[in-house]
Amino acid sequence: MTDTLLRLDNVSVRLGQGDRAIRPVDGISFDIRRGETFALLGESGCGKSMTALSILRLLPFPIGRITGGHVWLGDEELTALPEAGMRAIRGRRISMIFQEPMTSLNPVLTVGEQIGEVLRQHYGLKGRLLVDRVLELLDAVGIPDARRRYGEYPHQLSGGMKQRVMISIALAGEPDLLIADEPTTALDVTIQSQVLELLQKLQQERHMAILLITHDLGIVAGMADRVAVMYAGQLVEEATRERFFAAASHPYSRKLFQSLPDVKKRDRALDTIRGNVPPLNRDFSGCRFADRCEEAWELCESRVPEWALAGEGHHARCHRVDGSVTAPVVTVAEKQAVMAEGSHAASGDALLAVTGLKVHFPIHRGVFKRVVGHVYAVDGVSMTIPRGCTQALVGESGCGKTTVGKGILQLIRPTAGSVRFGDAELTTLKGEALRKRRTDFQFVFQDPYSSMNPRMMVGDIVEEGMLAQGIGKTREARRARVLELFSQVGLSPEHVRRYPHEFSGGQRQRICIARALAVDPMLLICDEPTSALDVSVQAQILNLLKELQNRLGLSYLFITHNLSVVSYLADRVAVMYLGRIVEEGPVDRVLEQPQHPYTRALLSAVPTVEPASQREIIRLAGDLPSPADPPAGCHFHPRCPEAMPECREVYPDDFGSEGHTVRCYLYKT
């Protein structure tokens, strides 16, 4: 077609040499038209990012190479260009937004210098012309006070700001194609909404094509024109967005939909995809998804499926779609176990009661390190968690959610307030007395890999807490307990002698949960445990947490910004903004009848796979204020579309009834 901008024709990539070479991309073909958004969807390890890097010829050196196929940009074959020719393409005709902005930006160069690099390379701009153009780009991506930000370093910017800087670098060369690799992973829903809206706006202005790499079906539903699903180095389905969401054909695609958490699934386990993506260093004699597919039969193991037509503009790599194959009828047994059956009912007794919790960090300046102010990270938080219940804590990054968790567990000593766990006041406990109580509560950290010692085997990591607390009289008893824990979280006995780097993200999170359970706690504080996981792995972790709660009677404080997870897992939810809780109540009431303007804005920004259930997005002005200098009155009033004069004077009290409270003058009686 004449409007085709990019075309991949049977592209294959190899990493390494010989029989052990990995084939992350194995015969990929697709095209992207000018001005359209093409989404590439799939689990981690399926080859999505390697496909993008092969387009730009940025494969890891020296082990990575394109071993077959062609990449065309318009009439120019990129696979035939020398390296000097590719340097003229990168950043100019094709740009890329990398997955993690903090590690992609140079920490020793200012924001202005990093954007200016592209302009010097491709346009030869210098001096005042270069500075003016950089300021224009910063302004175009919605960064306030661009002149001041020009001279700042990446560590001085928020996550959303860093992602905007990455976008401005990618757009500096005015590319024809923008590759966005997980551009919103781990961003809050409000920042995510702003970034996606910005990309769509710039795309319309410049008639730019976007290759969107993601595992978030909600983002695909709102952004994509066409969707391709990748599995184990191959495309398994491709369709228009409308066809894909109305009638996905491949069993893998359908399982991705079934893995999504939802309030309607609260009484049962989420569908999961058994096993893992197969290793890509071997030859396949049949369908690559056959080992994990509930609809597979003998032919799937012995014959590679064809790229078959499933409808107009819709193809899938599956024998059941291929009209020339007669497939057996599948009788699907009931797959879901009802979670309510045999579940542990909440007792109603308060296990944890937090009252007026404050965590203020002093700001020191000068030679003598005088205290010149405070960061009000947590500023008067109160909540109660009954036995066997899940309390969710949601809000934007920087609002103090993680600090609340650490303050409760006394990992950070509170400035003021009370934390009662059972009959003990934790804020008064010190030394050995506090260490003994740590068997009752444990923390599951956001990044499982960085929270484990890479030089220790995972069995020893799980056993470490038992040693510290004197649990298990002998090594044999402790090792038996480790094996029991591994079985509880769905890991095999042989895993105990492996190191953290040998596991997938979902498996590492299971190990961290096993470590937390090793000392028999009553409360787990889970800090964003599913934030960077694929939907299928996320479903496994959520099922595990729910099963453990039902069986062991655990209580959870679940810190997250994923409101779909909250709707599935939590009993109550508290919404936090700039160190304070602004709304709290039963999860169904808060999510279905939000009262605080901030809660309504958060919920409106959540992407959904069902267009009919998508709210009109409420756009918040500006960014989260600094907790070192919170606004007077209600902290939210500078961004609130419904602010009144009294909001600027005094912080509102709690209003509401029936266990649903809100701190907003709109509900003053």
# chains A, B, ... in the order shown; residues from 1 in each chain; ligands from 1
$ residues_around --residues "His319 (chain A)" --least-positions-apart "5" --cutoff "9 Å" --atoms "only C-alpha atoms" --output "list in words"
Cys287, Leu299, Cys300, Val304, Pro305, Glu306, Ala308, Ser324, Val325, Thr326 and Ala327 of chain A
$ write_last_selection --atoms "C-alpha atoms" --output "mmCIF file, in the first residue's frame"
data_model
loop_
_atom_site.group_PDB
_atom_site.id
_atom_site.type_symbol
_atom_site.label_atom_id
_atom_site.label_comp_id
_atom_site.auth_asym_id
_atom_site.auth_seq_id
_atom_site.Cartn_x
_atom_site.Cartn_y
_atom_site.Cartn_z
ATOM 1 C CA CYS A 287 2.341 -24.608 18.222
ATOM 2 C CA LEU A 299 -1.967 -31.883 16.047
ATOM 3 C CA CYS A 300 -0.922 -28.808 18.051
ATOM 4 C CA VAL A 304 3.163 -25.650 13.227
ATOM 5 C CA PRO A 305 -0.108 -23.725 12.692
ATOM 6 C CA GLU A 306 -0.509 -21.533 9.626
ATOM 7 C CA ALA A 308 -4.916 -18.197 8.969
ATOM 8 C CA SER A 324 -8.573 -26.595 6.350
ATOM 9 C CA VAL A 325 -8.185 -28.284 9.772
ATOM 10 C CA THR A 326 -10.949 -30.231 11.520
ATOM 11 C CA ALA A 327 -10.577 -29.520 15.224
#
$ residues_around --residues "Gly142 (chain A)" --least-positions-apart "4" --cutoff "12 Å" --atoms "only C-alpha atoms" --output "PyMOL selection string"
chain A and resi 135-138+146+149+160-165+167-168+191+194-195+197-199+201-202+621-623
$ write_last_selection --atoms "N, CA, C and O atoms" --output "CSV table (one decimal), in the first residue's frame"
chain,number,residue,atom,x,y,z
A,135,LEU,N,13.5,24.7,24.6
A,135,LEU,CA,12.4,25.3,25.4
A,135,LEU,C,11.0,25.1,24.8
A,135,LEU,O,10.0,24.8,25.4
A,136,GLU,N,11.0,25.2,23.4
A,136,GLU,CA,9.7,24.9,22.7
A,136,GLU,C,9.3,23.5,22.9
A,136,GLU,O,8.1,23.2,23.1
A,137,LEU,N,10.3,22.5,22.8
A,137,LEU,CA,9.9,21.1,23.0
A,137,LEU,C,9.5,20.8,24.4
A,137,LEU,O,8.5,20.1,24.6
A,138,LEU,N,10.1,21.4,25.4
A,138,LEU,CA,9.7,21.2,26.8
A,138,LEU,C,8.3,21.7,27.0
A,138,LEU,O,7.5,21.1,27.7
A,146,ALA,N,9.6,25.8,31.8
A,146,ALA,CA,10.6,25.1,31.0
A,146,ALA,C,12.0,25.7,31.1
A,146,ALA,O,13.0,24.9,31.1
A,149,ARG,N,13.5,24.1,34.2
A,149,ARG,CA,13.8,22.7,34.0
A,149,ARG,C,14.9,22.4,33.1
A,149,ARG,O,15.5,21.4,33.1
A,160,GLY,N,6.6,11.3,36.1
A,160,GLY,CA,5.9,11.8,35.0
A,160,GLY,C,6.7,12.8,34.2
A,160,GLY,O,6.6,12.8,32.9
A,161,MET,N,7.4,13.7,34.9
A,161,MET,CA,8.3,14.7,34.2
A,161,MET,C,9.4,14.0,33.4
A,161,MET,O,9.7,14.4,32.3
A,162,LYS,N,10.0,13.0,34.0
A,162,LYS,CA,11.1,12.3,33.3
A,162,LYS,C,10.5,11.6,32.0
A,162,LYS,O,11.2,11.6,31.0
A,163,GLN,N,9.3,11.1,32.1
A,163,GLN,CA,8.8,10.5,30.9
A,163,GLN,C,8.5,11.5,29.8
A,163,GLN,O,8.7,11.3,28.6
A,164,ARG,N,8.1,12.7,30.3
A,164,ARG,CA,7.8,13.8,29.3
A,164,ARG,C,9.1,14.2,28.7
A,164,ARG,O,9.2,14.6,27.5
A,165,VAL,N,10.2,14.2,29.4
A,165,VAL,CA,11.5,14.6,28.9
A,165,VAL,C,11.9,13.6,27.8
A,165,VAL,O,12.4,13.9,26.7
A,167,ILE,N,9.9,11.9,26.0
A,167,ILE,CA,9.1,12.1,24.8
A,167,ILE,C,9.7,13.3,24.0
A,167,ILE,O,9.7,13.3,22.8
A,168,SER,N,10.1,14.3,24.7
A,168,SER,CA,10.6,15.5,24.0
A,168,SER,C,11.9,15.2,23.3
A,168,SER,O,12.2,15.7,22.2
A,191,ILE,N,-1.0,10.4,35.7
A,191,ILE,CA,0.2,10.8,34.9
A,191,ILE,C,0.1,9.9,33.6
A,191,ILE,O,0.4,10.4,32.5
A,194,GLN,N,-2.2,11.6,31.2
A,194,GLN,CA,-1.6,12.8,30.6
A,194,GLN,C,-0.6,12.4,29.5
A,194,GLN,O,-0.5,13.0,28.4
A,195,VAL,N,0.3,11.4,29.8
A,195,VAL,CA,1.3,11.0,28.8
A,195,VAL,C,0.6,10.4,27.5
A,195,VAL,O,1.0,10.8,26.4
A,197,GLU,N,-2.5,11.0,26.4
A,197,GLU,CA,-3.2,12.1,25.8
A,197,GLU,C,-2.2,13.0,25.0
A,197,GLU,O,-2.4,13.4,23.9
A,198,LEU,N,-1.0,13.2,25.6
A,198,LEU,CA,0.0,14.0,24.9
A,198,LEU,C,0.5,13.3,23.6
A,198,LEU,O,0.7,13.9,22.6
A,199,LEU,N,0.7,12.0,23.7
A,199,LEU,CA,1.2,11.2,22.5
A,199,LEU,C,0.1,11.3,21.4
A,199,LEU,O,0.5,11.5,20.2
A,201,LYS,N,-2.1,13.7,21.0
A,201,LYS,CA,-2.2,15.1,20.5
A,201,LYS,C,-1.0,15.3,19.5
A,201,LYS,O,-1.2,15.9,18.4
A,202,LEU,N,0.2,14.9,19.9
A,202,LEU,CA,1.3,15.2,19.0
A,202,LEU,C,1.3,14.3,17.7
A,202,LEU,O,1.7,14.7,16.7
A,621,ALA,N,-5.2,20.1,36.9
A,621,ALA,CA,-4.2,21.1,36.5
A,621,ALA,C,-2.9,20.9,37.3
A,621,ALA,O,-2.9,20.6,38.5
A,622,GLY,N,-1.7,21.1,36.6
A,622,GLY,CA,-0.4,21.0,37.3
A,622,GLY,C,-0.1,19.6,37.8
A,622,GLY,O,-0.7,18.6,37.5
A,623,ASP,N,1.0,19.6,38.7
A,623,ASP,CA,1.5,18.4,39.2
A,623,ASP,C,1.3,18.4,40.8
A,623,ASP,O,0.9,19.4,41.3
$ closest_residue --among "A:Val419, A:Ala350, A:Val378, A:Leu409" --to "Met576 (chain A)" --atoms "only C-alpha atoms"
A:Val378
$ select_by_dssp --residues "region 104-298 of chain A" --states "strand (DSSP E or B)" --output "JSON list (two decimals) with N, CA and C atoms, in the first residue's frame"
[["chain", "number", "residue", "atom", "x", "y", "z"],
["A", 177, "LEU", "N", 8.12, 7.89, 12.62],
["A", 177, "LEU", "CA", 7.67, 6.76, 13.44],
["A", 177, "LEU", "C", 8.21, 6.91, 14.85],
["A", 178, "LEU", "N", 7.32, 6.80, 15.84],
["A", 178, "LEU", "CA", 7.72, 6.82, 17.24],
["A", 178, "LEU", "C", 7.47, 5.44, 17.83],
["A", 179, "ILE", "N", 8.52, 4.82, 18.37],
["A", 179, "ILE", "CA", 8.39, 3.52, 19.05],
["A", 179, "ILE", "C", 8.29, 3.81, 20.55],
["A", 180, "ALA", "N", 7.17, 3.46, 21.15],
["A", 180, "ALA", "CA", 6.94, 3.70, 22.58],
["A", 180, "ALA", "C", 6.92, 2.36, 23.30],
["A", 181, "ASP", "N", 8.00, 2.05, 24.01],
["A", 181, "ASP", "CA", 8.15, 0.76, 24.69],
["A", 181, "ASP", "C", 7.68, 0.89, 26.13],
["A", 209, "ALA", "N", 3.33, 8.06, 12.93],
["A", 209, "ALA", "CA", 2.94, 6.69, 13.28],
["A", 209, "ALA", "C", 3.54, 6.32, 14.63],
["A", 210, "ILE", "N", 2.83, 5.47, 15.38],
["A", 210, "ILE", "CA", 3.32, 5.02, 16.69],
["A", 210, "ILE", "C", 3.29, 3.50, 16.74],
["A", 211, "LEU", "N", 4.42, 2.90, 17.11],
["A", 211, "LEU", "CA", 4.47, 1.48, 17.46],
["A", 211, "LEU", "C", 4.43, 1.42, 18.98],
["A", 212, "LEU", "N", 3.30, 1.01, 19.54],
["A", 212, "LEU", "CA", 3.07, 1.01, 20.98],
["A", 212, "LEU", "C", 3.27, -0.40, 21.53],
["A", 213, "ILE", "N", 4.30, -0.57, 22.35],
["A", 213, "ILE", "CA", 4.61, -1.86, 22.96],
["A", 213, "ILE", "C", 4.09, -1.83, 24.39],
["A", 214, "THR", "N", 3.21, -2.76, 24.75],
["A", 214, "THR", "CA", 2.60, -2.73, 26.07],
["A", 214, "THR", "C", 2.04, -4.10, 26.43],
["A", 226, "ARG", "N", -4.64, -0.73, 15.19],
["A", 226, "ARG", "CA", -4.51, -2.17, 14.95],
["A", 226, "ARG", "C", -3.69, -2.79, 16.07],
["A", 227, "VAL", "N", -3.94, -4.09, 16.31],
["A", 227, "VAL", "CA", -3.31, -4.80, 17.42],
["A", 227, "VAL", "C", -2.66, -6.08, 16.90],
["A", 228, "ALA", "N", -1.43, -6.33, 17.34],
["A", 228, "ALA", "CA", -0.77, -7.61, 17.08],
["A", 228, "ALA", "C", -0.36, -8.22, 18.41],
["A", 229, "VAL", "N", -0.60, -9.51, 18.58],
["A", 229, "VAL", "CA", -0.25, -10.22, 19.81],
["A", 229, "VAL", "C", 0.97, -11.08, 19.53],
["A", 230, "MET", "N", 1.99, -10.96, 20.38],
["A", 230, "MET", "CA", 3.24, -11.69, 20.18],
["A", 230, "MET", "C", 3.40, -12.73, 21.28],
["A", 231, "TYR", "N", 3.85, -13.91, 20.90],
["A", 231, "TYR", "CA", 4.09, -14.98, 21.87],
["A", 231, "TYR", "C", 5.29, -15.80, 21.43],
["A", 234, "GLN", "N", 6.94, -15.05, 17.99],
["A", 234, "GLN", "CA", 6.11, -15.02, 16.80],
["A", 234, "GLN", "C", 4.86, -14.18, 17.03],
["A", 235, "LEU", "N", 4.28, -13.66, 15.94],
["A", 235, "LEU", "CA", 2.95, -13.08, 16.03],
["A", 235, "LEU", "C", 1.94, -14.22, 16.01],
["A", 236, "VAL", "N", 0.99, -14.19, 16.95],
["A", 236, "VAL", "CA", -0.05, -15.22, 16.98],
["A", 236, "VAL", "C", -1.41, -14.67, 16.59],
["A", 237, "GLU", "N", -1.55, -13.33, 16.55],
["A", 237, "GLU", "CA", -2.82, -12.74, 16.13],
["A", 237, "GLU", "C", -2.60, -11.30, 15.72],
["A", 238, "GLU", "N", -3.35, -10.86, 14.72],
["A", 238, "GLU", "CA", -3.32, -9.46, 14.29],
["A", 238, "GLU", "C", -4.72, -9.09, 13.80],
["A", 239, "ALA", "N", -5.20, -7.91, 14.25],
["A", 239, "ALA", "CA", -6.55, -7.49, 13.87],
["A", 239, "ALA", "C", -6.70, -6.00, 14.12],
["A", 240, "THR", "N", -7.77, -5.43, 13.60],
["A", 240, "THR", "CA", -8.12, -4.07, 13.99],
["A", 240, "THR", "C", -8.51, -4.08, 15.46],
["A", 268, "ARG", "N", -14.40, -15.30, 42.95],
["A", 268, "ARG", "CA", -13.73, -16.46, 42.36],
["A", 268, "ARG", "C", -12.30, -16.12, 42.00]]
$ closest_residue --among "A:Ile22, A:Phe257, A:Ile219, A:Ala310" --to "Gln200 (chain A)" --atoms "only C-alpha atoms"
A:Ile219
$ select_by_dssp --residues "region 266-436 of chain A" --states "helix (DSSP H, G or I)" --output "compact mmCIF listing (two decimals) with N, CA and C atoms, in the first residue's frame"
# COMPACT_ATOMS: atom_id res chain seq x y z
N ALA A 290 1.12 -24.55 22.79
CA ALA A 290 0.40 -25.81 23.05
C ALA A 290 0.53 -26.28 24.49
N ASP A 291 1.71 -26.15 25.12
CA ASP A 291 1.91 -26.64 26.48
C ASP A 291 1.05 -25.90 27.50
N ARG A 292 0.60 -24.71 27.17
CA ARG A 292 -0.16 -23.89 28.13
C ARG A 292 -1.62 -23.74 27.72
N GLU A 298 -3.57 -33.30 19.76
CA GLU A 298 -2.33 -33.90 19.25
C GLU A 298 -1.70 -33.11 18.11
N LEU A 299 -2.50 -32.61 17.19
CA LEU A 299 -1.97 -31.88 16.05
C LEU A 299 -1.18 -30.64 16.48
N CYS A 300 -1.60 -30.02 17.58
CA CYS A 300 -0.92 -28.81 18.05
C CYS A 300 0.52 -29.09 18.46
N GLU A 301 0.79 -30.33 18.91
CA GLU A 301 2.14 -30.70 19.32
C GLU A 301 3.03 -31.05 18.14
N SER A 302 2.44 -31.46 17.03
CA SER A 302 3.24 -32.03 15.93
C SER A 302 3.31 -31.16 14.68
N LYS A 401 2.28 6.98 50.33
CA LYS A 401 1.72 5.64 50.57
C LYS A 401 2.76 4.69 51.18
N THR A 402 3.93 4.61 50.53
CA THR A 402 4.97 3.69 51.01
C THR A 402 5.47 4.11 52.39
N THR A 403 5.57 5.42 52.62
CA THR A 403 6.02 5.91 53.93
C THR A 403 5.03 5.52 55.02
N VAL A 404 3.73 5.51 54.72
CA VAL A 404 2.74 5.03 55.69
C VAL A 404 3.05 3.59 56.08
N GLY A 405 3.30 2.72 55.07
CA GLY A 405 3.61 1.32 55.35
C GLY A 405 4.84 1.16 56.20
N LYS A 406 5.89 1.90 55.87
CA LYS A 406 7.14 1.80 56.64
C LYS A 406 6.97 2.39 58.04
N GLY A 407 6.15 3.44 58.16
CA GLY A 407 5.90 4.03 59.47
C GLY A 407 5.12 3.08 60.37
N ILE A 408 4.15 2.36 59.80
CA ILE A 408 3.38 1.38 60.58
C ILE A 408 4.30 0.30 61.13
N LEU A 426 3.13 0.02 69.01
CA LEU A 426 4.41 -0.21 68.35
C LEU A 426 5.35 0.99 68.45
N THR A 427 4.80 2.20 68.54
CA THR A 427 5.68 3.38 68.56
C THR A 427 6.52 3.46 69.83
N THR A 428 6.13 2.73 70.87
CA THR A 428 6.90 2.76 72.12
C THR A 428 7.87 1.60 72.24
N GLY A 431 14.34 -1.86 70.27
CA GLY A 431 15.30 -2.93 70.42
C GLY A 431 14.71 -4.31 70.31
N GLU A 432 15.03 -5.16 71.28
CA GLU A 432 14.64 -6.57 71.25
C GLU A 432 13.13 -6.74 71.29
N ALA A 433 12.42 -5.87 72.01
CA ALA A 433 10.97 -5.98 72.10
C ALA A 433 10.32 -5.78 70.74
N LEU A 434 10.84 -4.81 69.96
CA LEU A 434 10.30 -4.56 68.63
C LEU A 434 10.66 -5.69 67.67
N ARG A 435 11.91 -6.19 67.78
CA ARG A 435 12.34 -7.28 66.91
C ARG A 435 11.47 -8.52 67.09
N LYS A 436 11.08 -8.82 68.32
CA LYS A 436 10.24 -9.99 68.57
C LYS A 436 8.86 -9.82 67.94
$ closest_atom_pairs --of "region 215-323 of chain A" --to "region 495-514 of chain A" --cutoff "12 Å" --atoms "only C-alpha atoms" --output "CSV"
residue,atom,partner,partner_atom,distance
A:Gly275,CA,A:Gln507,CA,10.9
A:Asn276,CA,A:Ser504,CA,8.8
A:Val277,CA,A:Ser504,CA,10.0
A:Pro278,CA,A:Ser504,CA,12.0
A:Pro279,CA,A:Ser504,CA,12.0
$ atom_distance --atom1 "CA of Asp271 (chain A)" --atom2 "CA of Pro529 (chain A)"
18.5 Å
$ residues_around --residues "Arg663 (chain A)" --least-positions-apart "2" --cutoff "8 Å" --atoms "only C-alpha atoms" --output "list in words"
Ile581, Val582, Glu583, His596, Pro652, Asp653, Asp654, Phe655, Thr661 and Tyr665 of chain A
$ closest_residue --among "A:Gln99, A:Thr4, A:Ser487, A:Ser249" --to "Thr184 (chain A)" --atoms "only C-alpha atoms"
A:Gln99
$ residues_around --residues "Leu56 (chain A)" --least-positions-apart "3" --cutoff "7 Å" --atoms "only C-alpha atoms" --output "list in words"
Ala52, Leu53 and Arg90 of chain A
$ closest_residue --among "A:Leu58, A:His250, A:Ala39, A:Glu77" --to "Leu5 (chain A)" --atoms "only C-alpha atoms"
A:Glu77
$ residues_around --residues "Pro362 (chain A)" --least-positions-apart "6" --cutoff "12 Å" --atoms "only C-alpha atoms" --output "PyMOL selection string"
chain A and resi 369-377+415+627-628
$ residues_around --residues "region 222-224 of chain A" --least-positions-apart "6" --cutoff "8 Å" --atoms "only C-alpha atoms" --output "NGL selection string"
:A and (36-39 or 196 or 200 or 212 or 241 or 607-609)
$ write_last_selection --atoms "all heavy atoms" --output "PDB file, in the first residue's frame"
ATOM      1  N   GLU A  36      -0.961   6.018  11.966  1.00  0.00           N
ATOM      2  CA  GLU A  36      -1.718   5.059  12.776  1.00  0.00           C
ATOM      3  C   GLU A  36      -0.918   4.619  13.997  1.00  0.00           C
ATOM      4  O   GLU A  36       0.304   4.767  14.065  1.00  0.00           O
ATOM      5  CB  GLU A  36      -2.121   3.841  11.952  1.00  0.00           C
ATOM      6  CG  GLU A  36      -1.064   2.776  11.800  1.00  0.00           C
ATOM      7  CD  GLU A  36      -1.622   1.444  11.275  1.00  0.00           C
ATOM      8  OE1 GLU A  36      -2.848   1.253  11.295  1.00  0.00           O
ATOM      9  OE2 GLU A  36      -0.811   0.610  10.850  1.00  0.00           O
ATOM     10  N   THR A  37      -1.647   4.086  14.976  1.00  0.00           N
ATOM     11  CA  THR A  37      -1.024   3.493  16.161  1.00  0.00           C
ATOM     12  C   THR A  37      -1.168   1.978  16.075  1.00  0.00           C
ATOM     13  O   THR A  37      -2.289   1.456  16.030  1.00  0.00           O
ATOM     14  CB  THR A  37      -1.681   4.007  17.450  1.00  0.00           C
ATOM     15  OG1 THR A  37      -1.518   5.420  17.529  1.00  0.00           O
ATOM     16  CG2 THR A  37      -1.038   3.360  18.674  1.00  0.00           C
ATOM     17  N   PHE A  38      -0.024   1.294  16.042  1.00  0.00           N
ATOM     18  CA  PHE A  38       0.019  -0.164  15.942  1.00  0.00           C
ATOM     19  C   PHE A  38       0.513  -0.690  17.283  1.00  0.00           C
ATOM     20  O   PHE A  38       1.630  -0.378  17.712  1.00  0.00           O
ATOM     21  CB  PHE A  38       0.974  -0.573  14.817  1.00  0.00           C
ATOM     22  CG  PHE A  38       1.005  -2.051  14.525  1.00  0.00           C
ATOM     23  CD1 PHE A  38       0.133  -2.616  13.615  1.00  0.00           C
ATOM     24  CD2 PHE A  38       1.918  -2.880  15.165  1.00  0.00           C
ATOM     25  CE1 PHE A  38       0.166  -3.975  13.330  1.00  0.00           C
ATOM     26  CE2 PHE A  38       1.966  -4.235  14.898  1.00  0.00           C
ATOM     27  CZ  PHE A  38       1.078  -4.787  13.970  1.00  0.00           C
ATOM     28  N   ALA A  39      -0.322  -1.461  17.978  1.00  0.00           N
ATOM     29  CA  ALA A  39       0.025  -1.968  19.308  1.00  0.00           C
ATOM     30  C   ALA A  39       0.585  -3.375  19.212  1.00  0.00           C
ATOM     31  O   ALA A  39       0.033  -4.231  18.518  1.00  0.00           O
ATOM     32  CB  ALA A  39      -1.198  -1.960  20.211  1.00  0.00           C
ATOM     33  N   LEU A 196      -0.432   9.590  27.681  1.00  0.00           N
ATOM     34  CA  LEU A 196      -1.108   9.031  26.515  1.00  0.00           C
ATOM     35  C   LEU A 196      -1.846  10.108  25.721  1.00  0.00           C
ATOM     36  O   LEU A 196      -1.831  10.106  24.486  1.00  0.00           O
ATOM     37  CB  LEU A 196      -2.077   7.934  26.947  1.00  0.00           C
ATOM     38  CG  LEU A 196      -1.448   6.692  27.599  1.00  0.00           C
ATOM     39  CD1 LEU A 196      -2.522   5.725  28.053  1.00  0.00           C
ATOM     40  CD2 LEU A 196      -0.472   6.005  26.647  1.00  0.00           C
ATOM     41  N   GLN A 200      -1.151  11.195  21.756  1.00  0.00           N
ATOM     42  CA  GLN A 200      -2.208  11.273  20.749  1.00  0.00           C
ATOM     43  C   GLN A 200      -2.288  12.668  20.129  1.00  0.00           C
ATOM     44  O   GLN A 200      -2.480  12.807  18.912  1.00  0.00           O
ATOM     45  CB  GLN A 200      -3.553  10.895  21.374  1.00  0.00           C
ATOM     46  CG  GLN A 200      -3.680   9.404  21.680  1.00  0.00           C
ATOM     47  CD  GLN A 200      -4.975   9.054  22.369  1.00  0.00           C
ATOM     48  OE1 GLN A 200      -5.338   9.647  23.386  1.00  0.00           O
ATOM     49  NE2 GLN A 200      -5.699   8.090  21.834  1.00  0.00           N
ATOM     50  N   LEU A 212       3.296   1.013  19.542  1.00  0.00           N
ATOM     51  CA  LEU A 212       3.065   1.011  20.981  1.00  0.00           C
ATOM     52  C   LEU A 212       3.271  -0.399  21.526  1.00  0.00           C
ATOM     53  O   LEU A 212       2.515  -1.318  21.204  1.00  0.00           O
ATOM     54  CB  LEU A 212       1.646   1.495  21.279  1.00  0.00           C
ATOM     55  CG  LEU A 212       1.205   1.491  22.742  1.00  0.00           C
ATOM     56  CD1 LEU A 212       2.022   2.493  23.553  1.00  0.00           C
ATOM     57  CD2 LEU A 212      -0.282   1.803  22.853  1.00  0.00           C
ATOM     58  N   ARG A 241      -8.438  -2.918  16.094  1.00  0.00           N
ATOM     59  CA  ARG A 241      -8.789  -2.846  17.515  1.00  0.00           C
ATOM     60  C   ARG A 241     -10.219  -3.344  17.755  1.00  0.00           C
ATOM     61  O   ARG A 241     -10.467  -4.114  18.694  1.00  0.00           O
ATOM     62  CB  ARG A 241      -8.653  -1.405  18.004  1.00  0.00           C
ATOM     63  CG  ARG A 241      -9.111  -1.195  19.443  1.00  0.00           C
ATOM     64  CD  ARG A 241      -9.080   0.265  19.834  1.00  0.00           C
ATOM     65  NE  ARG A 241      -9.910   1.069  18.945  1.00  0.00           N
ATOM     66  CZ  ARG A 241      -9.958   2.393  18.986  1.00  0.00           C
ATOM     67  NH1 ARG A 241      -9.203   3.056  19.834  1.00  0.00           N
ATOM     68  NH2 ARG A 241     -10.736   3.067  18.153  1.00  0.00           N
ATOM     69  N   PRO A 607      -7.734   3.363  32.380  1.00  0.00           N
ATOM     70  CA  PRO A 607      -8.115   2.817  31.069  1.00  0.00           C
ATOM     71  C   PRO A 607      -8.897   1.530  31.236  1.00  0.00           C
ATOM     72  O   PRO A 607      -8.658   0.753  32.163  1.00  0.00           O
ATOM     73  CB  PRO A 607      -6.764   2.561  30.382  1.00  0.00           C
ATOM     74  CG  PRO A 607      -5.779   2.416  31.497  1.00  0.00           C
ATOM     75  CD  PRO A 607      -6.282   3.258  32.624  1.00  0.00           C
ATOM     76  N   THR A 608      -9.848   1.283  30.343  1.00  0.00           N
ATOM     77  CA  THR A 608     -10.674   0.085  30.431  1.00  0.00           C
ATOM     78  C   THR A 608     -10.810  -0.556  29.064  1.00  0.00           C
ATOM     79  O   THR A 608     -10.737   0.135  28.042  1.00  0.00           O
ATOM     80  CB  THR A 608     -12.073   0.423  30.999  1.00  0.00           C
ATOM     81  OG1 THR A 608     -12.898  -0.738  30.972  1.00  0.00           O
ATOM     82  CG2 THR A 608     -12.739   1.534  30.208  1.00  0.00           C
ATOM     83  N   VAL A 609     -11.000  -1.868  29.051  1.00  0.00           N
ATOM     84  CA  VAL A 609     -11.162  -2.582  27.782  1.00  0.00           C
ATOM     85  C   VAL A 609     -12.596  -2.497  27.283  1.00  0.00           C
ATOM     86  O   VAL A 609     -12.889  -2.914  26.169  1.00  0.00           O
ATOM     87  CB  VAL A 609     -10.741  -4.063  27.916  1.00  0.00           C
ATOM     88  CG1 VAL A 609      -9.284  -4.174  28.280  1.00  0.00           C
ATOM     89  CG2 VAL A 609     -11.613  -4.798  28.928  1.00  0.00           C
TER      90      VAL A 609
END
$ residues_around --residues "region 629-643 of chain A" --least-positions-apart "5" --cutoff "7 Å" --atoms "only C-alpha atoms" --output "list in words"
Leu578, Pro597, Leu620, Ala621, Gly622, Arg648, Glu649, Val650, Tyr651 and Pro652 of chain A
$ closest_residue --among "A:Ile461, A:Leu411, A:Leu602, A:Ala221" --to "Ala246 (chain A)" --atoms "only C-alpha atoms"
A:Ala221
$ closest_residue --among "A:Gly286, A:Pro62, A:Ser604, A:Glu100" --to "Pro183 (chain A)" --atoms "only C-alpha atoms"
A:Glu100
